[in-house]
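Asker: Starting off with a structure, shown below.
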Amino acid sequence: MLPPIASNFVAGETPAAALDHVETLNARGVAGIVNLLGEHYTERAPADADAEAYVDLVGGIADRSLDACVSVKASQIGLDVGEDVFRENLARIVDAANAPPGSADADAGDDTPGVFVWIDMEDHETTDVTLDEFERHTTATDGNVGVCVQANLKRTPDDLERLADLPGKVRLVKGAYDEPASIAHTKKARVDEAYRDCLASMFEAFDDGIAVGSHDPEMVAYAGELHAEYGTPYEVQMLTGVRESAQFALADDGVTVYQYVPYGDKWFSYFYRRIRERKSNALFALRAVLGR
Ligand code: FAD
């Protein structure tokens with residue numbers, strides 16, 4: 001069972017709990033990005049099982065008419081087993097998302113966009129295959145797929161040039177993986193500078209949506225300035241349990257806000273990461289447990 005201390009950062013253990021959480025977000029003007037926790041499977045069975053869970057999840061989102069999408073990790077759906085397994089499972093999810101079982105889409109065969117599918121970005125060894133699969137699916141679905149890129153990687157400005165010509169949305173994050181200095185900026189100030197530069201080039205060159213995947217008030221404000229200058233549509237994405245009052249305030253101000261909503265029984269390592277990355281997260285969780 002999910003202990004109260006973890007429930008600040010994880011919506012619950014079941015898809016129903018995650019979708020209930022999204023419903024409460026939607027009521028406050030915030031959309032959801034639902035993520036089933038799990039990664040780095042080295043056997044096919046759990047990778048296939050999680051892909052199947054995403055197929056059910058997109059059906060649940062469509063059935064409940066929620067303002068929500070999903071986000072999936074390559075290593076969760078088979079990349080560590082083999083690229084072919086990842087490709088096959090991603091195709092299953094994207095196909096289901098574009099015609100969720102039992103939805104009006106599937107029944108009527110109309111061209112209403114289905115459930116949007118994000119692909120998270122993992123360490124640098126996965127970048128090429130992830131971008132290639134993104135390109136395949138976003139082109140085939142007319143932009144109903146998004147991908148994450150990491151400002152800390154030195155290759156990202158070049159990747160953005162390629163992505164600018166494709167439909168679909170791109171989420172810019174600072175990067176969560178410890179990468180070698182030969183290929184990545186490792187100092188925080190340099191990563192922040194790279195983030196700003198990437199954001200500016202995206203607003204200038206992209207037509208489809210830009211997602212600002214950051215809790216950093218400076219980056220969120222900068223995105224607002226760039227939007228005023230270029231008019232490119234954008235959204236802000238933050239995690240469950242992190243700066244939630246800012247998420248609701250931005251939504252009240254008319255900014256499109258998505259909350260990344262993790263769920264599932266593999267919550268411990270995700271929760272531990274949140275606690276380790278910031279002292280305030282630990283205090284916040286502790287205060288919630290003490291009821292203050
Ligand atoms: P930081 O650089 O950590 O902090 C900057 C400022 O933000 C802080 O000074 C503070 O003012 C504010 N802030 C940050 N955290 C908190 C907090 N807990 N409480 C209060 N204020 C805070 N990484 C990947 O590598 N691949 C992915 O696919 C990926 N997807 C992501 C999706 C989303 C929606 C988000 C939000 C992040 C994702 N990340 C991903 C993680 C990302 O790369 C960063 O590691 C993470 O977001 C920390 O960077 P930051 O920009 O949020 O803020």
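How things are named: the first chain in the structure tokens is A, the next is B, and so on; residues count from 1 in each chain; ligands count from 1 in the order shown.
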For ligand 1, list the contacting residues at 8 Å or closer, counting only C-alpha atoms and all ligand atoms, as number ranges by chain.
Answerer: A: 33, 73, 119-123, 147-150, 171, 173-177, 188, 192, 212-219, 236-239, 241-243, 258-260, 274, 277-278, 280-281
Asker: Check the DSSP output for the backbone and give back, as a VMD selection string, the residues of stretch 18-192 of chain A in strand (DSSP E or B).
Answerer: chain A and resid 31 to 36 68 to 72 117 to 119 145 to 150 153 169 to 173 184
Asker: Since we have the selection now, will you write its residues out, keeping N, CA and C atoms, as an mmCIF file, in the first residue's frame?
Answerer:
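Now in part05.cif:
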data_model
loop_
_atom_site.group_PDB
_atom_site.id
_atom_site.type_symbol
_atom_site.label_atom_id
_atom_site.label_comp_id
_atom_site.auth_asym_id
_atom_site.auth_seq_id
_atom_site.Cartn_x
_atom_site.Cartn_y
_atom_site.Cartn_z
ATOM 1 N N ALA A 31 -4.342 19.901 -16.761
ATOM 2 C CA ALA A 31 -4.447 18.614 -17.447
ATOM 3 C C ALA A 31 -3.448 17.618 -16.841
ATOM 4 N N GLY A 32 -3.583 16.345 -17.205
ATOM 5 C CA GLY A 32 -2.714 15.321 -16.617
ATOM 6 C C GLY A 32 -1.873 14.602 -17.667
ATOM 7 N N ILE A 33 -0.666 14.229 -17.238
ATOM 8 C CA ILE A 33 0.193 13.349 -18.064
ATOM 9 C C ILE A 33 0.403 12.110 -17.195
ATOM 10 N N VAL A 34 -0.252 11.024 -17.548
ATOM 11 C CA VAL A 34 -0.234 9.864 -16.651
ATOM 12 C C VAL A 34 0.934 8.940 -17.010
ATOM 13 N N ASN A 35 1.686 8.580 -15.992
ATOM 14 C CA ASN A 35 2.872 7.733 -16.184
ATOM 15 C C ASN A 35 2.826 6.545 -15.242
ATOM 16 N N LEU A 36 2.861 5.347 -15.822
ATOM 17 C CA LEU A 36 2.965 4.134 -15.011
ATOM 18 C C LEU A 36 4.429 3.945 -14.640
ATOM 19 N N ALA A 68 -6.248 14.573 -20.540
ATOM 20 C CA ALA A 68 -5.043 13.856 -20.101
ATOM 21 C C ALA A 68 -4.376 13.144 -21.270
ATOM 22 N N CYS A 69 -3.083 12.901 -21.095
ATOM 23 C CA CYS A 69 -2.313 12.127 -22.047
ATOM 24 C C CYS A 69 -1.465 11.139 -21.249
ATOM 25 N N VAL A 70 -0.595 10.392 -21.917
ATOM 26 C CA VAL A 70 0.272 9.465 -21.178
ATOM 27 C C VAL A 70 1.728 9.762 -21.534
ATOM 28 N N SER A 71 2.630 9.309 -20.669
ATOM 29 C CA SER A 71 4.059 9.449 -20.962
ATOM 30 C C SER A 71 4.733 8.125 -20.630
ATOM 31 N N VAL A 72 5.550 7.660 -21.563
ATOM 32 C CA VAL A 72 6.096 6.311 -21.451
ATOM 33 C C VAL A 72 7.617 6.349 -21.624
ATOM 34 N N VAL A 117 0.393 10.844 -26.810
ATOM 35 C CA VAL A 117 1.411 9.978 -26.184
ATOM 36 C C VAL A 117 2.756 10.704 -26.148
ATOM 37 N N TRP A 118 3.288 10.888 -24.938
ATOM 38 C CA TRP A 118 4.649 11.431 -24.789
ATOM 39 C C TRP A 118 5.646 10.290 -24.657
ATOM 40 N N ILE A 119 6.845 10.510 -25.178
ATOM 41 C CA ILE A 119 7.947 9.580 -24.912
ATOM 42 C C ILE A 119 8.967 10.327 -24.051
ATOM 43 N N VAL A 145 1.960 12.788 -30.993
ATOM 44 C CA VAL A 145 3.008 12.192 -30.162
ATOM 45 C C VAL A 145 4.000 13.299 -29.814
ATOM 46 N N GLY A 146 4.564 13.209 -28.606
ATOM 47 C CA GLY A 146 5.557 14.199 -28.185
ATOM 48 C C GLY A 146 6.804 13.512 -27.683
ATOM 49 N N VAL A 147 7.907 14.251 -27.659
ATOM 50 C CA VAL A 147 9.154 13.675 -27.149
ATOM 51 C C VAL A 147 9.848 14.692 -26.251
ATOM 52 N N CYS A 148 10.631 14.158 -25.323
ATOM 53 C CA CYS A 148 11.366 15.013 -24.397
ATOM 54 C C CYS A 148 12.814 15.135 -24.863
ATOM 55 N N VAL A 149 13.383 16.334 -24.777
ATOM 56 C CA VAL A 149 14.828 16.508 -25.014
ATOM 57 C C VAL A 149 15.437 17.212 -23.808
ATOM 58 N N GLN A 150 16.753 16.996 -23.637
ATOM 59 C CA GLN A 150 17.428 17.424 -22.413
ATOM 60 C C GLN A 150 18.445 18.532 -22.707
ATOM 61 N N LEU A 153 22.388 18.002 -22.591
ATOM 62 C CA LEU A 153 23.146 17.313 -23.642
ATOM 63 C C LEU A 153 23.614 18.311 -24.701
ATOM 64 N N LYS A 169 4.619 17.688 -30.334
ATOM 65 C CA LYS A 169 5.142 18.596 -29.305
ATOM 66 C C LYS A 169 6.494 18.107 -28.794
ATOM 67 N N VAL A 170 7.302 19.060 -28.335
ATOM 68 C CA VAL A 170 8.599 18.713 -27.757
ATOM 69 C C VAL A 170 8.684 19.311 -26.358
ATOM 70 N N ARG A 171 9.020 18.451 -25.397
ATOM 71 C CA ARG A 171 9.200 18.887 -24.003
ATOM 72 C C ARG A 171 10.687 19.130 -23.742
ATOM 73 N N LEU A 172 10.994 20.344 -23.302
ATOM 74 C CA LEU A 172 12.388 20.640 -22.945
ATOM 75 C C LEU A 172 12.551 20.520 -21.430
ATOM 76 N N VAL A 173 13.497 19.667 -21.014
ATOM 77 C CA VAL A 173 13.835 19.556 -19.588
ATOM 78 C C VAL A 173 15.332 19.830 -19.431
ATOM 79 N N ALA A 184 28.005 16.322 -22.247
ATOM 80 C CA ALA A 184 26.946 17.060 -21.527
ATOM 81 C C ALA A 184 27.527 18.208 -20.713
#
Asker: Can I get the residues of stretch 5-73 of chain A within 9 Å of stretch 77-94 of chain A, each with the closest pair of atoms and their distance in Å to one decimal, using only C-alpha atoms, sorted chain first then ascending number, as a tab-separated table?
Answerer:
residue	atom	partner	partner_atom	distance
A:Gly38	CA	A:Ile77	CA	8.9
A:Glu39	CA	A:Ile77	CA	7.8
A:His40	CA	A:Asp80	CA	6.2
A:Tyr41	CA	A:Asp80	CA	6.3
A:Thr42	CA	A:Val81	CA	5.2
A:Glu43	CA	A:Val81	CA	5.9
A:Arg44	CA	A:Val81	CA	6.3
A:Pro46	CA	A:Ile77	CA	7.9
A:Ala47	CA	A:Ile77	CA	4.3
A:Asp48	CA	A:Ile77	CA	6.4
A:Ala49	CA	A:Ile77	CA	8.4
A:Asp50	CA	A:Ile77	CA	6.5
A:Ala51	CA	A:Asn89	CA	5.8
A:Glu52	CA	A:Ile93	CA	7.7
A:Tyr54	CA	A:Ile93	CA	6.3
A:Val55	CA	A:Ile93	CA	5.4
A:Val58	CA	A:Ile93	CA	8.2
A:Val72	CA	A:Ile77	CA	7.9
A:Lys73	CA	A:Ile77	CA	6.8
Asker: Residues as selected, N, CA, C and O atoms, written as a CSV table (one decimal), in the first residue's frame, can you do that?
Answerer:
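Final output, selection_0.csv:
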chain,number,residue,atom,x,y,z
A,38,GLY,N,7.9,2.5,-13.8
A,38,GLY,CA,8.6,1.2,-14.2
A,38,GLY,C,9.6,1.6,-15.2
A,38,GLY,O,9.4,2.5,-16.1
A,39,GLU,N,10.8,0.9,-15.2
A,39,GLU,CA,11.8,1.2,-16.2
A,39,GLU,C,12.9,0.1,-16.2
A,39,GLU,O,12.9,-0.7,-15.2
A,40,HIS,N,13.7,0.0,-17.2
A,40,HIS,CA,14.8,-0.9,-17.3
A,40,HIS,C,14.5,-2.4,-17.1
A,40,HIS,O,15.1,-3.1,-16.4
A,41,TYR,N,13.4,-2.8,-17.8
A,41,TYR,CA,13.1,-4.2,-17.7
A,41,TYR,C,14.1,-5.0,-18.7
A,41,TYR,O,14.3,-4.5,-19.8
A,42,THR,N,14.6,-6.1,-18.2
A,42,THR,CA,15.5,-6.8,-19.0
A,42,THR,C,14.9,-8.1,-19.6
A,42,THR,O,15.5,-8.9,-20.3
A,43,GLU,N,13.6,-8.2,-19.2
A,43,GLU,CA,12.9,-9.4,-19.8
A,43,GLU,C,11.6,-8.9,-20.5
A,43,GLU,O,11.1,-7.8,-20.2
A,44,ARG,N,11.2,-9.7,-21.4
A,44,ARG,CA,10.1,-9.2,-22.3
A,44,ARG,C,8.8,-9.1,-21.6
A,44,ARG,O,8.0,-8.2,-21.8
A,46,PRO,N,7.6,-8.3,-18.4
A,46,PRO,CA,7.1,-7.1,-17.8
A,46,PRO,C,7.0,-5.9,-18.8
A,46,PRO,O,6.1,-5.0,-18.6
A,47,ALA,N,7.8,-5.9,-19.8
A,47,ALA,CA,7.8,-4.8,-20.8
A,47,ALA,C,6.4,-4.9,-21.6
A,47,ALA,O,5.7,-3.9,-21.8
A,48,ASP,N,6.1,-6.1,-22.0
A,48,ASP,CA,4.8,-6.3,-22.6
A,48,ASP,C,3.6,-6.0,-21.7
A,48,ASP,O,2.6,-5.4,-22.1
A,49,ALA,N,3.8,-6.4,-20.4
A,49,ALA,CA,2.7,-6.1,-19.5
A,49,ALA,C,2.4,-4.6,-19.3
A,49,ALA,O,1.3,-4.1,-19.3
A,50,ASP,N,3.5,-3.9,-19.2
A,50,ASP,CA,3.4,-2.4,-19.0
A,50,ASP,C,2.8,-1.8,-20.3
A,50,ASP,O,2.0,-0.8,-20.2
A,51,ALA,N,3.2,-2.3,-21.5
A,51,ALA,CA,2.6,-1.7,-22.7
A,51,ALA,C,1.1,-2.0,-22.7
A,51,ALA,O,0.3,-1.1,-23.1
A,52,GLU,N,0.7,-3.2,-22.3
A,52,GLU,CA,-0.7,-3.5,-22.2
A,52,GLU,C,-1.4,-2.6,-21.2
A,52,GLU,O,-2.5,-2.1,-21.5
A,54,TYR,N,-0.6,0.5,-20.6
A,54,TYR,CA,-0.8,1.8,-21.3
A,54,TYR,C,-2.0,1.7,-22.3
A,54,TYR,O,-2.7,2.7,-22.4
A,55,VAL,N,-2.1,0.6,-22.9
A,55,VAL,CA,-3.3,0.4,-23.9
A,55,VAL,C,-4.6,0.6,-23.1
A,55,VAL,O,-5.5,1.3,-23.5
A,58,VAL,N,-5.0,4.4,-21.9
A,58,VAL,CA,-5.5,5.3,-22.9
A,58,VAL,C,-7.0,5.1,-23.1
A,58,VAL,O,-7.8,6.1,-23.3
A,72,VAL,N,5.6,7.7,-21.6
A,72,VAL,CA,6.1,6.3,-21.5
A,72,VAL,C,7.6,6.3,-21.6
A,72,VAL,O,8.1,7.2,-22.3
A,73,LYS,N,8.3,5.5,-20.9
A,73,LYS,CA,9.8,5.4,-21.1
A,73,LYS,C,10.1,4.2,-22.0
A,73,LYS,O,9.6,3.1,-21.9
Asker: What's the separation between atom CA of A:Arg162 and atom CA of A:Leu226, in Å to one decimal place?
Answerer: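 Taking atom CA of A:Arg162 as the start and atom CA of A:Leu226 as the end point, the length is 20.6 Å.
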Asker: Can you list, as a PyMOL selection string, all residues belonging to stretch 4-79 of chain A that DSSP tags as helix (DSSP H, G or I)?
Answerer: chain A and resi 15-27+44-63+74-76
Asker: Those same residues - C-alpha atoms - I'd like them written as a PDB file, in the first residue's frame.
Answerer:
ATOM      1  CA  PRO A  15      -4.861   3.309 -12.863  1.00  0.00           C
ATOM      2  CA  ALA A  16      -8.208   4.230 -11.276  1.00  0.00           C
ATOM      3  CA  ALA A  17      -6.369   6.211  -8.566  1.00  0.00           C
ATOM      4  CA  ALA A  18      -4.303   8.020 -11.219  1.00  0.00           C
ATOM      5  CA  LEU A  19      -7.376   8.878 -13.287  1.00  0.00           C
ATOM      6  CA  ASP A  20      -9.284  10.029 -10.173  1.00  0.00           C
ATOM      7  CA  HIS A  21      -6.340  12.336  -9.436  1.00  0.00           C
ATOM      8  CA  VAL A  22      -6.453  13.674 -13.005  1.00  0.00           C
ATOM      9  CA  GLU A  23     -10.183  14.339 -12.621  1.00  0.00           C
ATOM     10  CA  THR A  24      -9.505  16.563  -9.597  1.00  0.00           C
ATOM     11  CA  LEU A  25      -6.758  18.368 -11.545  1.00  0.00           C
ATOM     12  CA  ASN A  26      -9.058  18.892 -14.527  1.00  0.00           C
ATOM     13  CA  ALA A  27     -11.641  20.470 -12.219  1.00  0.00           C
ATOM     14  CA  ARG A  44      10.103  -9.195 -22.285  1.00  0.00           C
ATOM     15  CA  ALA A  45       7.155 -10.166 -20.063  1.00  0.00           C
ATOM     16  CA  PRO A  46       7.093  -7.055 -17.795  1.00  0.00           C
ATOM     17  CA  ALA A  47       7.758  -4.793 -20.813  1.00  0.00           C
ATOM     18  CA  ASP A  48       4.786  -6.294 -22.648  1.00  0.00           C
ATOM     19  CA  ALA A  49       2.652  -6.126 -19.496  1.00  0.00           C
ATOM     20  CA  ASP A  50       3.368  -2.397 -19.048  1.00  0.00           C
ATOM     21  CA  ALA A  51       2.638  -1.742 -22.725  1.00  0.00           C
ATOM     22  CA  GLU A  52      -0.695  -3.507 -22.238  1.00  0.00           C
ATOM     23  CA  ALA A  53      -1.326  -1.383 -19.138  1.00  0.00           C
ATOM     24  CA  TYR A  54      -0.815   1.753 -21.268  1.00  0.00           C
ATOM     25  CA  VAL A  55      -3.262   0.400 -23.851  1.00  0.00           C
ATOM     26  CA  ASP A  56      -5.856   0.048 -21.060  1.00  0.00           C
ATOM     27  CA  LEU A  57      -4.904   3.452 -19.667  1.00  0.00           C
ATOM     28  CA  VAL A  58      -5.524   5.346 -22.911  1.00  0.00           C
ATOM     29  CA  GLY A  59      -8.876   3.552 -23.100  1.00  0.00           C
ATOM     30  CA  GLY A  60      -9.668   4.708 -19.555  1.00  0.00           C
ATOM     31  CA  ILE A  61      -8.720   8.306 -20.369  1.00  0.00           C
ATOM     32  CA  ALA A  62     -10.943   8.271 -23.448  1.00  0.00           C
ATOM     33  CA  ASP A  63     -13.848   6.565 -21.655  1.00  0.00           C
ATOM     34  CA  ALA A  74      11.569   3.386 -23.758  1.00  0.00           C
ATOM     35  CA  SER A  75      13.249   1.097 -21.218  1.00  0.00           C
ATOM     36  CA  GLN A  76       9.876   0.396 -19.642  1.00  0.00           C
TER      37      GLN A  76
END
Asker: Pick out the closest residue to A:Phe248 from this set: A:Leu199, A:Met1, A:Ala11, A:Val30. Count only C-alpha atoms.
Answerer: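 For A:Phe248, the nearest of the given residues is A:Val30.
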Asker: One number please: atom CA of A:Ser245 to atom CA of A:Phe116, in Å, one decimal.
Answerer: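 A separation of 25.2 Å between them.
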Asker: Near A:Glu13, within 8 Å and counting only C-alpha atoms, which residues show up once chain neighbours fewer than 5 positions away are dropped, as a VMD selection string?
Answerer: chain A and resid 1 to 2 18 263 to 265 267
